[in-house]
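A.B. asks: model-v1.cif is the file, holding mmCIF, C-alpha atoms:
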```
data_entry
loop_
_atom_site.label_atom_id
_atom_site.label_comp_id
_atom_site.auth_asym_id
_atom_site.auth_seq_id
_atom_site.Cartn_x
_atom_site.Cartn_y
_atom_site.Cartn_z
CA MET A 1225 49.65 51.70 17.11
CA LYS A 1226 49.08 50.06 13.74
CA LEU A 1227 45.64 48.68 12.88
CA LEU A 1228 47.26 45.36 11.99
CA THR A 1229 48.39 45.03 15.62
CA LEU A 1230 44.72 44.86 16.67
CA ASN A 1231 44.48 41.58 14.75
CA PHE A 1232 46.67 40.00 17.46
CA LEU A 1233 45.38 41.63 20.65
CA THR A 1234 42.57 40.75 23.01
CA CYS A 1235 41.26 41.63 26.46
CA ALA A 1236 43.87 40.95 29.16
CA ILE A 1237 41.31 39.58 31.62
CA LYS A 1238 41.66 35.82 31.79
CA THR A 1239 37.97 34.95 31.87
CA CYS A 1240 37.27 37.09 28.78
CA LYS A 1241 39.60 35.20 26.44
CA SER A 1242 37.32 32.16 26.13
CA THR A 1243 34.41 34.32 24.96
CA PRO A 1244 34.23 35.39 21.29
CA ALA A 1245 33.08 38.88 22.38
CA SER A 1246 36.57 39.71 23.71
CA PHE A 1247 37.89 39.96 20.12
CA PRO A 1248 38.26 42.34 18.45
CA LEU A 1249 38.76 45.17 20.92
CA HIS A 1250 36.57 48.10 19.91
CA PRO A 1251 38.08 51.56 19.39
CA ARG A 1252 36.45 54.50 21.17
CA ASP A 1253 37.25 58.24 20.90
CA ALA A 1254 40.06 57.27 18.55
CA GLU A 1255 42.45 59.77 17.01
CA LEU A 1256 44.13 58.31 13.93
CA GLU A 1257 47.22 59.36 12.05
CA ILE A 1258 48.90 58.20 8.88
CA ALA A 1259 52.53 57.11 8.95
CA GLU A 1260 53.63 56.34 5.41
CA THR A 1261 55.76 53.27 4.82
CA ASP A 1262 56.99 51.34 1.78
CA LEU A 1263 54.56 48.81 0.40
CA ASN A 1264 55.87 45.24 0.52
CA LEU A 1265 53.75 43.12 -1.82
CA ALA A 1266 55.15 39.76 -0.72
CA PHE A 1267 54.42 40.66 2.86
CA LEU A 1268 50.83 41.69 2.11
CA LYS A 1269 50.18 38.42 0.27
CA SER A 1270 51.57 36.49 3.19
CA ILE A 1271 49.60 38.32 5.86
CA LEU A 1272 46.18 37.73 4.20
CA ALA A 1273 45.71 34.26 5.65
CA ARG A 1274 46.44 35.62 9.14
CA LEU A 1275 43.75 38.31 9.08
CA LEU A 1276 40.50 37.66 10.91
CA TRP A 1277 38.61 39.33 8.10
CA PRO A 1278 35.08 39.93 9.48
CA GLU A 1279 36.55 41.35 12.70
CA LEU A 1280 38.94 43.55 10.75
CA ARG A 1281 36.00 44.91 8.74
CA THR A 1282 34.19 45.67 11.99
CA ILE A 1283 37.15 47.61 13.40
CA CYS A 1284 37.52 49.60 10.18
CA SER A 1285 33.89 50.67 10.21
CA GLU A 1286 34.13 51.56 13.92
CA PHE A 1287 37.11 53.76 13.09
CA GLY A 1288 35.04 55.37 10.33
CA LEU A 1289 37.44 54.13 7.64
CA PRO A 1290 36.36 53.14 4.11
CA THR A 1291 34.61 49.74 4.08
CA LEU A 1292 36.77 46.75 3.23
CA PRO A 1293 35.52 44.22 0.65
CA GLU A 1294 33.11 41.70 2.12
CA SER A 1295 35.33 38.71 1.54
CA ARG A 1296 39.04 38.41 2.14
CA PRO A 1297 41.10 39.07 -1.01
CA GLU A 1298 43.24 36.26 -2.45
CA PRO A 1299 46.99 36.77 -2.95
CA ALA A 1300 46.38 37.07 -6.72
CA ASP A 1301 43.97 40.00 -6.10
CA LEU A 1302 46.88 42.02 -4.74
CA VAL A 1303 48.78 41.94 -8.04
CA ASP A 1304 48.03 44.55 -10.69
CA PRO A 1305 46.65 42.56 -13.65
CA ASP A 1306 48.45 44.99 -15.97
CA SER A 1307 51.85 43.96 -14.56
CA SER A 1308 53.70 42.85 -17.67
CA GLU A 1309 54.93 39.31 -17.72
CA GLY A 1310 58.52 38.69 -16.68
CA GLU A 1311 58.75 41.98 -14.82
CA GLU A 1312 58.41 42.45 -11.09
CA GLU A 1313 54.77 42.34 -9.98
CA SER A 1314 53.21 45.67 -9.12
CA PRO A 1315 50.54 46.14 -6.43
CA SER A 1316 46.85 46.43 -7.34
CA GLN A 1317 44.54 49.09 -5.90
CA THR A 1318 43.32 46.45 -3.40
CA ALA A 1319 46.91 45.96 -2.21
CA ARG A 1320 47.43 49.70 -1.86
CA ASP A 1321 44.19 50.09 0.12
CA LEU A 1322 45.08 47.22 2.40
CA HIS A 1323 48.58 48.59 2.98
CA ARG A 1324 47.07 51.97 3.86
CA VAL A 1325 44.64 50.48 6.38
CA LEU A 1326 46.80 47.83 8.02
CA LEU A 1327 50.25 49.38 8.12
CA GLU A 1328 49.95 53.12 7.62
CA THR A 1329 46.86 53.93 9.68
CA CYS A 1330 47.85 54.25 13.33
CA MET A 1331 45.82 54.87 16.46
CA ARG A 1332 47.44 57.76 18.29
CA GLU A 1333 45.00 58.39 21.16
CA GLY A 1334 41.80 56.82 22.44
CA LYS A 1335 40.55 53.68 24.11
CA LEU A 1336 40.18 50.03 23.21
CA VAL A 1337 37.12 48.44 24.75
CA CYS A 1338 36.46 44.75 25.44
CA GLY A 1339 33.13 43.64 24.00
CA ASN A 1340 32.69 41.16 26.83
CA CYS A 1341 33.55 42.93 30.08
CA GLY A 1342 33.57 46.55 28.88
CA HIS A 1343 37.06 47.21 30.27
CA GLU A 1344 38.74 50.17 28.56
CA TYR A 1345 42.43 50.13 27.68
CA ALA A 1346 44.02 53.52 27.04
CA VAL A 1347 46.10 54.33 23.98
CA LYS A 1348 48.37 57.32 24.58
CA GLU A 1349 50.91 58.76 22.17
CA GLY A 1350 50.47 55.66 20.05
CA VAL A 1351 51.23 53.19 22.88
CA ALA A 1352 48.46 50.90 24.16
CA ASN A 1353 48.40 50.04 27.85
CA PHE A 1354 47.02 46.61 28.77
CA LEU A 1355 47.95 46.64 32.45
CA LEU A 1356 45.01 45.88 34.71
CA PRO A 1357 44.27 47.42 38.09
CA ALA A 1358 45.26 44.99 40.85
CA HIS A 1359 41.68 43.86 41.60
CA LEU A 1360 41.19 42.57 38.02
CA VAL A 1361 44.42 40.54 37.72
CA MET B 368 78.46 37.45 12.56
CA LEU B 369 75.23 39.41 12.35
CA PRO B 370 75.35 42.98 13.68
CA THR B 371 74.07 43.74 17.21
CA PRO B 372 71.43 46.50 17.16
CA SER B 373 72.51 49.81 18.65
CA THR B 374 71.00 50.79 21.99
CA THR B 375 73.00 53.97 22.59
CA HIS B 376 69.79 56.03 22.78
CA VAL B 377 68.43 54.02 25.74
CA CYS B 378 68.51 55.38 29.31
CA PHE B 379 69.91 52.44 31.29
CA ASP B 380 68.99 54.09 34.61
CA ARG B 381 65.50 52.63 34.18
CA VAL B 382 65.70 50.15 31.28
CA TYR B 383 67.67 46.87 31.45
CA GLU B 384 71.00 47.19 29.66
CA PRO B 385 71.85 44.39 27.19
CA ALA B 386 74.10 41.90 28.99
CA GLU B 387 75.39 38.34 28.70
CA ASP B 388 71.81 36.96 28.75
CA SER B 389 70.68 39.20 25.87
CA TYR B 390 73.75 38.25 23.82
CA LEU B 391 73.20 34.55 24.50
CA LEU B 392 69.74 34.92 22.96
CA LEU B 393 71.19 36.65 19.89
CA ASP B 394 73.89 33.97 19.50
CA THR B 395 71.42 31.12 19.96
CA LEU B 396 68.79 32.47 17.56
CA SER B 397 71.46 32.98 14.89
CA SER B 398 73.26 29.67 15.47
CA PRO B 399 73.33 27.32 12.44
CA SER B 400 71.12 24.75 14.23
CA GLU B 401 68.40 27.27 15.15
CA ILE B 402 68.49 28.89 11.71
CA SER B 403 67.95 25.45 10.21
CA PHE B 404 65.15 24.68 12.69
CA LEU B 405 63.36 27.98 11.93
CA HIS B 406 63.76 27.51 8.15
CA ASN B 407 62.15 24.06 8.38
CA ARG B 408 59.42 25.16 10.74
CA PHE B 409 58.44 28.24 8.70
CA PRO B 410 59.18 27.41 5.04
CA ALA B 411 58.98 30.45 2.76
CA PRO B 412 55.92 30.28 0.48
CA SER B 413 57.08 29.68 -3.07
CA THR B 414 53.82 30.36 -4.92
CA ASN B 415 50.68 32.44 -4.33
CA ASP B 416 48.79 29.33 -3.27
CA ALA B 417 51.40 28.43 -0.66
CA HIS B 418 50.75 31.59 1.38
CA ALA B 419 47.83 30.04 3.22
CA ASP B 420 49.93 27.04 4.31
CA SER B 421 52.81 29.08 5.68
CA PRO B 422 51.61 32.62 6.34
CA ALA B 423 53.78 35.38 7.81
CA PRO B 424 55.24 34.22 11.16
CA LEU B 425 54.55 36.39 14.21
CA VAL B 426 57.45 36.84 16.64
CA LEU B 427 56.49 37.97 20.14
CA GLU B 428 59.06 39.05 22.68
CA VAL B 429 57.79 39.50 26.22
CA GLY B 430 59.74 41.94 28.39
CA VAL B 431 61.61 43.59 25.53
CA GLY B 432 63.67 45.97 27.74
CA SER B 433 66.01 47.90 25.43
CA GLY B 434 64.60 45.96 22.47
CA VAL B 435 67.99 44.58 21.45
CA VAL B 436 66.72 41.01 20.91
CA LEU B 437 63.52 41.90 19.04
CA ALA B 438 65.44 44.41 16.89
CA PHE B 439 68.00 41.70 16.09
CA VAL B 440 65.27 39.35 14.90
CA ALA B 441 63.52 42.10 12.95
CA ALA B 442 66.73 43.30 11.28
CA ASN B 443 67.98 39.79 10.44
CA ALA B 444 64.63 38.16 9.65
CA HIS B 445 65.77 37.11 6.21
CA THR B 446 68.82 35.28 7.54
CA LEU B 447 67.00 33.68 10.48
CA PHE B 448 63.84 32.61 8.62
CA GLY B 449 64.77 32.70 4.95
CA ARG B 450 61.76 34.90 4.25
CA ASN B 451 60.88 38.61 4.08
CA ASP B 452 57.47 38.67 5.75
CA VAL B 453 58.21 38.31 9.46
CA LEU B 454 56.02 40.21 11.93
CA THR B 455 57.42 41.36 15.26
CA LEU B 456 55.53 42.41 18.38
CA GLY B 457 56.78 43.24 21.87
CA THR B 458 55.45 43.80 25.36
CA ASP B 459 56.91 45.26 28.53
CA LEU B 460 55.53 46.42 31.87
CA ASN B 461 57.85 49.39 31.79
CA ARG B 462 56.63 52.25 29.64
CA TYR B 463 60.15 53.63 29.17
CA ALA B 464 61.27 50.24 27.88
CA CYS B 465 58.41 50.18 25.35
CA ASP B 466 59.45 53.58 23.98
CA ALA B 467 63.13 52.64 23.93
CA ALA B 468 62.55 49.27 22.25
CA ALA B 469 60.36 50.76 19.53
CA GLN B 470 63.23 53.11 18.71
CA THR B 471 65.82 50.30 18.80
CA VAL B 472 63.80 48.29 16.27
CA ARG B 473 63.25 51.35 14.06
CA HIS B 474 66.99 52.09 13.98
CA ALA B 475 67.99 48.48 13.36
CA VAL B 476 65.65 47.71 10.46
CA THR B 477 66.99 49.21 7.27
CA ALA B 478 65.44 49.15 3.80
CA PRO B 479 64.73 46.89 2.04
CA ALA B 480 63.15 45.42 5.16
CA SER B 481 62.53 41.70 5.63
CA SER B 482 60.18 42.25 8.56
CA VAL B 483 57.39 44.50 9.80
CA ASN B 484 57.40 45.62 13.42
CA LEU B 485 53.82 45.90 14.64
CA ASP B 486 54.14 47.63 17.99
CA ILE B 487 55.55 47.45 21.48
CA VAL B 488 52.63 47.51 23.92
CA ILE B 489 52.55 47.99 27.69
CA ALA B 490 51.33 44.68 29.07
CA ASP B 491 51.80 42.05 31.74
CA LEU B 492 53.58 39.15 29.98
CA ALA B 493 51.37 37.92 27.09
CA THR B 494 47.99 38.50 28.75
CA ALA B 495 46.76 40.77 25.93
CA ILE B 496 47.84 38.49 23.06
CA ARG B 497 45.17 36.65 21.09
CA PRO B 498 45.28 32.91 21.84
CA ARG B 499 47.19 30.65 19.40
CA SER B 500 48.56 33.53 17.35
CA VAL B 501 52.27 33.46 18.30
CA ASP B 502 54.74 31.55 16.12
CA VAL B 503 58.00 32.48 17.79
CA PHE B 504 58.00 33.43 21.45
CA ILE B 505 61.08 34.92 23.12
CA PHE B 506 61.51 35.61 26.83
CA ASN B 507 64.52 36.80 28.79
CA PRO B 508 62.76 36.81 32.16
CA PRO B 509 63.61 38.39 35.47
CA TYR B 510 65.44 35.23 36.61
CA VAL B 511 67.50 36.32 39.62
CA PRO B 512 66.37 34.72 42.91
CA ASP B 513 65.59 38.01 44.63
CA GLU B 514 62.49 39.58 46.14
CA LEU B 515 59.91 40.90 43.67
CA PRO B 516 59.35 44.66 43.85
CA ASP B 517 56.21 46.21 45.33
CA PHE B 518 53.89 46.85 42.36
CA SER B 519 51.60 49.32 44.15
CA ARG B 520 53.12 52.43 42.56
CA HIS B 521 53.60 50.92 39.08
CA GLU B 522 51.03 53.06 37.32
CA THR B 523 52.30 56.27 38.91
CA TYR B 524 55.86 55.39 37.92
CA ASN B 525 54.77 54.57 34.36
CA THR B 526 52.74 57.74 33.82
CA THR B 527 54.50 60.51 35.77
CA THR B 528 57.24 62.14 33.79
CA THR B 529 58.18 64.95 36.16
CA MET B 530 59.16 64.09 39.72
CA GLY B 531 61.75 65.12 42.29
CA LYS B 532 65.24 63.68 42.27
CA SER B 533 64.71 61.15 45.05
CA ALA B 534 61.31 60.03 43.70
CA ALA B 535 62.87 59.57 40.26
CA PHE B 536 65.67 57.52 41.83
CA GLU B 537 63.09 55.31 43.56
CA ARG B 538 61.18 54.90 40.30
CA ASP B 539 64.32 53.93 38.42
CA SER B 540 65.37 51.38 41.08
CA TYR B 541 61.86 49.93 40.98
CA LEU B 542 61.86 49.62 37.17
CA LEU B 543 65.29 47.99 37.12
CA ARG B 544 64.27 45.55 39.86
CA LEU B 545 61.28 44.56 37.70
CA SER B 546 63.70 43.61 34.95
CA TYR B 547 65.82 41.19 37.00
CA ALA B 548 64.14 40.07 40.26
CA GLY B 549 62.36 36.76 39.81
CA GLY B 550 61.19 35.94 43.35
CA GLU B 551 61.72 32.47 44.81
CA GLU B 552 64.29 30.47 42.82
CA GLY B 553 63.99 33.29 40.28
CA MET B 554 60.99 31.42 38.86
CA VAL B 555 57.89 33.32 40.01
CA VAL B 556 57.51 35.39 36.84
CA THR B 557 58.72 32.59 34.54
CA ASN B 558 56.17 30.17 36.00
CA ARG B 559 53.36 32.64 35.32
CA MET B 560 54.63 32.96 31.75
CA LEU B 561 54.93 29.19 31.25
CA GLU B 562 51.24 28.84 32.13
CA GLN B 563 50.35 31.14 29.21
CA ILE B 564 52.60 29.48 26.61
CA PRO B 565 50.33 26.59 25.53
CA GLU B 566 47.53 29.11 25.07
CA ILE B 567 49.37 31.73 23.01
CA LEU B 568 51.50 29.50 20.74
CA SER B 569 50.12 28.50 17.34
CA SER B 570 50.31 24.85 16.28
CA ARG B 571 53.65 25.59 14.57
CA GLY B 572 54.75 27.82 17.47
CA VAL B 573 58.14 27.67 19.18
CA GLY B 574 59.37 29.41 22.32
CA TYR B 575 62.87 30.46 23.42
CA LEU B 576 63.21 30.86 27.18
CA LEU B 577 66.34 31.96 29.02
CA LEU B 578 67.09 30.33 32.38
CA CYS B 579 69.94 30.54 34.89
CA ALA B 580 71.31 27.60 36.88
CA GLN B 581 69.38 28.61 40.05
CA ASN B 582 66.11 28.27 38.10
CA LYS B 583 66.70 24.47 37.98
CA PRO B 584 66.45 24.21 34.20
CA GLU B 585 66.26 20.39 34.17
CA GLU B 586 63.11 20.54 36.32
CA VAL B 587 61.62 23.28 34.15
CA LYS B 588 62.14 21.16 31.03
CA LYS B 589 60.56 18.14 32.73
CA THR B 590 57.51 20.22 33.66
CA ILE B 591 57.09 21.43 30.07
CA ARG B 592 57.37 17.89 28.63
CA ALA B 593 54.63 16.82 31.05
CA TRP B 594 52.12 19.45 29.78
CA ALA B 595 50.70 17.03 27.21
CA PRO B 596 52.04 14.47 24.73
CA GLY B 597 54.09 16.15 22.02
CA TRP B 598 55.49 19.05 24.08
CA MET B 599 59.27 19.24 23.74
CA ALA B 600 61.89 21.22 25.69
CA GLU B 601 65.60 21.16 24.87
CA THR B 602 68.58 23.29 25.77
CA VAL B 603 69.80 24.89 22.53
CA GLY B 604 72.28 27.48 23.81
CA THR B 605 74.54 27.88 26.86
CA SER B 606 77.04 30.31 28.31
CA GLY B 607 79.27 30.73 31.34
CA LYS B 608 80.34 27.11 31.86
CA LYS B 609 81.63 26.62 35.41
CA ALA B 610 82.75 23.12 36.45
CA GLY B 611 80.15 21.47 34.24
CA TRP B 612 77.41 23.94 35.25
CA GLU B 613 75.94 26.23 32.65
CA LYS B 614 75.34 29.61 34.21
CA LEU B 615 72.80 30.59 31.57
CA GLN B 616 70.94 28.56 28.99
CA ILE B 617 68.26 28.92 26.34
CA VAL B 618 65.50 26.33 26.33
CA ARG B 619 63.57 25.79 23.12
CA ILE B 620 59.91 24.85 23.73
CA TRP B 621 57.80 23.42 20.92
CA ARG B 622 55.23 20.84 20.01
CA ASP B 623 56.01 17.86 17.82
CA ASP B 624 52.69 16.37 16.82
CA THR B 625 54.34 13.32 15.28
CA CYS B 626 55.17 12.10 18.80
#
```
Using the file provided, produce a representation of the structure as structure tokens.

C.D. replies:
Amino acid sequence: MKLLTLNFLTCAIKTCKSTPASFPLHPRDAELEIAETDLNLAFLKSILARLLWPELRTICSEFGLPTLPESRPEPADLVDPDSSEGEEESPSQTARDLHRVLLETCMREGKLVCGNCGHEYAVKEGVANFLLPAHLV
Amino acid sequence: MLPTPSTTHVCFDRVYEPAEDSYLLLDTLSSPSEISFLHNRFPAPSTNDAHADSPAPLVLEVGVGSGVVLAFVAANAHTLFGRNDVLTLGTDLNRYACDAAAQTVRHAVTAPASSVNLDIVIADLATAIRPRSVDVFIFNPPYVPDELPDFSRHETYNTTTTMGKSAAFERDSYLLRLSYAGGEEGMVVTNRMLEQIPEILSSRGVGYLLLCAQNKPEEVKKTIRAWAPGWMAETVGTSGKKAGWEKLQIVRIWRDDTC
């Protein structure tokens, strides 16, 4: 499961959703792997505004990944300033780092824990399972 | 016509096989009127500054099954949206469907890609999706008026890979029943999903819901329009006309804040 996916997931328990503590879900005993993909600069620029930045920084540090910059980069920060005019823009180091974290870093095994109720969701072979036992539905 | 994603790798003993309903979704999403609606709703950012006003749209399909619909959107994102930054995400109760759909999307999306598929997660409808994050919601529900299966062995069926022949047969029948049986009037699962829609859709969000005639689509649309001022529901695709009755239809659900 890609780290970017965690930007869109929350605890499945209804009463948790209204509390800020249910997002983000916190990784525990996580095994990560890298799956390389092509960098799409236009896509990265476009996704910036969708990222809940402080929460993303929290997840990264909980995974033990390199710290993200304190404030969210702007689309212009993703373009290499040395890109020569008239040519296709090339990605900056910030863009490459972000691509690595969001799209290439995947959670293979482990648990995702709700900060509100403490429920643990298992991630196995890269697939997260958000089904609840009957008594919690 | 846009190509239909291949699902030849999918085991249809326990994952819903693409049928008339799936194809109606593909045809509706790629119809000129829906393409125009999606282009207007999600205009491609033309400058760096415009990204914040129209960021990458997130497409969520609930109950992906073989993944044929999500893969179609992912593979044809540029045609459908006029942009190259579409995010796709899927859920299904059935673990085998999640694996199959992930593969269907992977096969269908060829470089240079106009979309990024996040993941297919095992979940009950959209319960694990962050509120107000979904821009395009797609649901081909279990709509047949038929008894819901007994969920008590769901986890065992999802996690056990080796079992005897008769147990495996029971598991497969259970998983297929999940994909089509919708309880009373075929609406039990759809009604649960409708309750979640106002919560998960973003302010620019739009939903595509498939219904059959027994689901009483006119009543469903009335219910949606009564949620709050501004909620709209219109039939935007039909198939299987029989004496003036549409057997299947796609209802588009969205909010028009100018109302």

A.B. asks: Residues of chain B within 7 Å of chain A, counting all atoms listed in the file - could you list those as a list in words?

C.D. replies: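 For chain B, the answer reads Asn415, His418, Ala419, Pro422, Ala423, Asn451, Asp452, Leu485, Asp486, Val488, Ile489, Ala490, Asp491, Thr494, Ala495, Ile496, Arg497 and Ser500 of chain B.
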
A.B. asks: Between CA of Arg1324 in chain A and CA of Pro1297 in chain A, what is the spacing in Å?

C.D. replies: 15.0 Å

A.B. asks: Any chance you could resolve the PyMOL selection byres ((chain B and resi 392) around 8) against this file and give the residues as a VMD selection string?

C.D. replies: chain B and resid 388 to 391 393 to 396 436 577 604 617

A.B. asks: Between A:Pro1293, A:Asp1306, A:Glu1311, A:Arg1332, which has the minimum distance to Asp1253 in chain A (counting only C-alpha atoms)?

C.D. replies: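 Closest residue, counting only C-alpha atoms: A:Arg1332.
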
A.B. asks: Please expand the PyMOL selection byres ((chain B and resi 579) around 6) into the concrete residues it hits in this file, giving the result as a PyMOL selection string.

C.D. replies: chain B and resi 578+580-582+614-615

A.B. asks: For Arg544 in chain B, find every residue with an atom within 12 Å (counting all atoms listed in the file), except residues of its own chain fewer than 5 positions away, and show them as a PDB file with C-alpha atoms, in the frame of the given file.

C.D. replies:
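Saved to part.pdb:
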```pdb
ATOM      1  CA  ASP B 380      68.990  54.090  34.610  1.00  0.00           C
ATOM      2  CA  ARG B 381      65.500  52.630  34.180  1.00  0.00           C
ATOM      3  CA  VAL B 382      65.700  50.150  31.280  1.00  0.00           C
ATOM      4  CA  TYR B 383      67.670  46.870  31.450  1.00  0.00           C
ATOM      5  CA  LEU B 460      55.530  46.420  31.870  1.00  0.00           C
ATOM      6  CA  ASN B 461      57.850  49.390  31.790  1.00  0.00           C
ATOM      7  CA  PRO B 508      62.760  36.810  32.160  1.00  0.00           C
ATOM      8  CA  PRO B 509      63.610  38.390  35.470  1.00  0.00           C
ATOM      9  CA  TYR B 510      65.440  35.230  36.610  1.00  0.00           C
ATOM     10  CA  VAL B 511      67.500  36.320  39.620  1.00  0.00           C
ATOM     11  CA  PRO B 512      66.370  34.720  42.910  1.00  0.00           C
ATOM     12  CA  ASP B 513      65.590  38.010  44.630  1.00  0.00           C
ATOM     13  CA  GLU B 514      62.490  39.580  46.140  1.00  0.00           C
ATOM     14  CA  LEU B 515      59.910  40.900  43.670  1.00  0.00           C
ATOM     15  CA  PRO B 516      59.350  44.660  43.850  1.00  0.00           C
ATOM     16  CA  ASP B 517      56.210  46.210  45.330  1.00  0.00           C
ATOM     17  CA  PHE B 518      53.890  46.850  42.360  1.00  0.00           C
ATOM     18  CA  HIS B 521      53.600  50.920  39.080  1.00  0.00           C
ATOM     19  CA  GLU B 537      63.090  55.310  43.560  1.00  0.00           C
ATOM     20  CA  ARG B 538      61.180  54.900  40.300  1.00  0.00           C
ATOM     21  CA  ASP B 539      64.320  53.930  38.420  1.00  0.00           C
ATOM     22  CA  GLY B 549      62.360  36.760  39.810  1.00  0.00           C
ATOM     23  CA  GLY B 550      61.190  35.940  43.350  1.00  0.00           C
TER      24      GLY B 550
END
```

A.B. asks: Could you jot down the CA of Glu1349 in chain A to CA of Cys1330 in chain A separation for me, Å, one decimal place?

C.D. replies: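 For CA of Glu1349 in chain A relative to CA of Cys1330 in chain A, the distance reads 10.4 Å.
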
A.B. asks: Between CA of Lys588 in chain B and CA of Thr455 in chain B, what is the distance in Å, rounded to a tenth?

C.D. replies: 26.1 Å

A.B. asks: Decode the PyMOL selection byres ((chain B and resi 405) around 12) for the given file into explicit residues and return them as a VMD selection string.

C.D. replies: chain B and resid 395 to 404 406 to 411 424 426 440 444 to 450 453 502 to 503 571 to 575 619 621

A.B. asks: Can you work out which one of A:Glu1328, A:Ser1316, A:His1323, A:Cys1338 has the shortest atom-to-atom distance to Ala1259 in chain A, counting only C-alpha atoms?

C.D. replies: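 Counting only C-alpha atoms, the residue closest to Ala1259 in chain A is A:Glu1328.
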
A.B. asks: Fewer than 2 positions away in the same chain doesn't count, so skip those; otherwise give me all residues within 12 Å of Gln1317 in chain A, counting only C-alpha atoms, as a list in words.

C.D. replies: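 The neighbour list is Leu1263, Leu1265, Pro1297, Asp1301, Leu1302, Val1303, Asp1304, Pro1305, Asp1306, Ser1314, Pro1315, Ala1319, Arg1320, Asp1321, Leu1322, His1323 and Arg1324 of chain A.
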
A.B. asks: Excluding Arg592 in chain B and its own-chain neighbours fewer than 6 positions away, which residues fall within 12 Å of it when counting only C-alpha atoms? Please give them as a list in words.

C.D. replies: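 Counting only the stated atoms, we get Leu561, Pro565, Glu585, Glu586, Trp598, Met599, Ala600, Glu601, Val618, Arg619, Ile620, Trp621, Arg622, Asp623 and Cys626 of chain B.
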
A.B. asks: Counting only C-alpha atoms, which of B:Ala595, B:Val435, B:Val501, B:Leu542 gets nearest to Val472 in chain B?

C.D. replies: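 Closest residue, counting only C-alpha atoms: B:Val435.
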
A.B. asks: Would you list the contacts of Pro498 in chain B as JSON, numbers by chain, taking every protein, DNA or RNA residue within 8 Å and counting all atoms listed in the file, but skipping same-chain residues closer than 5 positions in sequence?

C.D. replies: {"A": [1241], "B": [566, 567, 568, 569]}

A.B. asks: Mind writing the picked residues with C-alpha atoms as a compact mmCIF listing (two decimals), in the frame of the given file?

C.D. replies:
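Below is the file part_38.txt, written as the result:
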```txt
# COMPACT_ATOMS: atom_id res chain seq x y z
CA LYS A 1241 39.60 35.20 26.44
CA GLU B 566 47.53 29.11 25.07
CA ILE B 567 49.37 31.73 23.01
CA LEU B 568 51.50 29.50 20.74
CA SER B 569 50.12 28.50 17.34
```
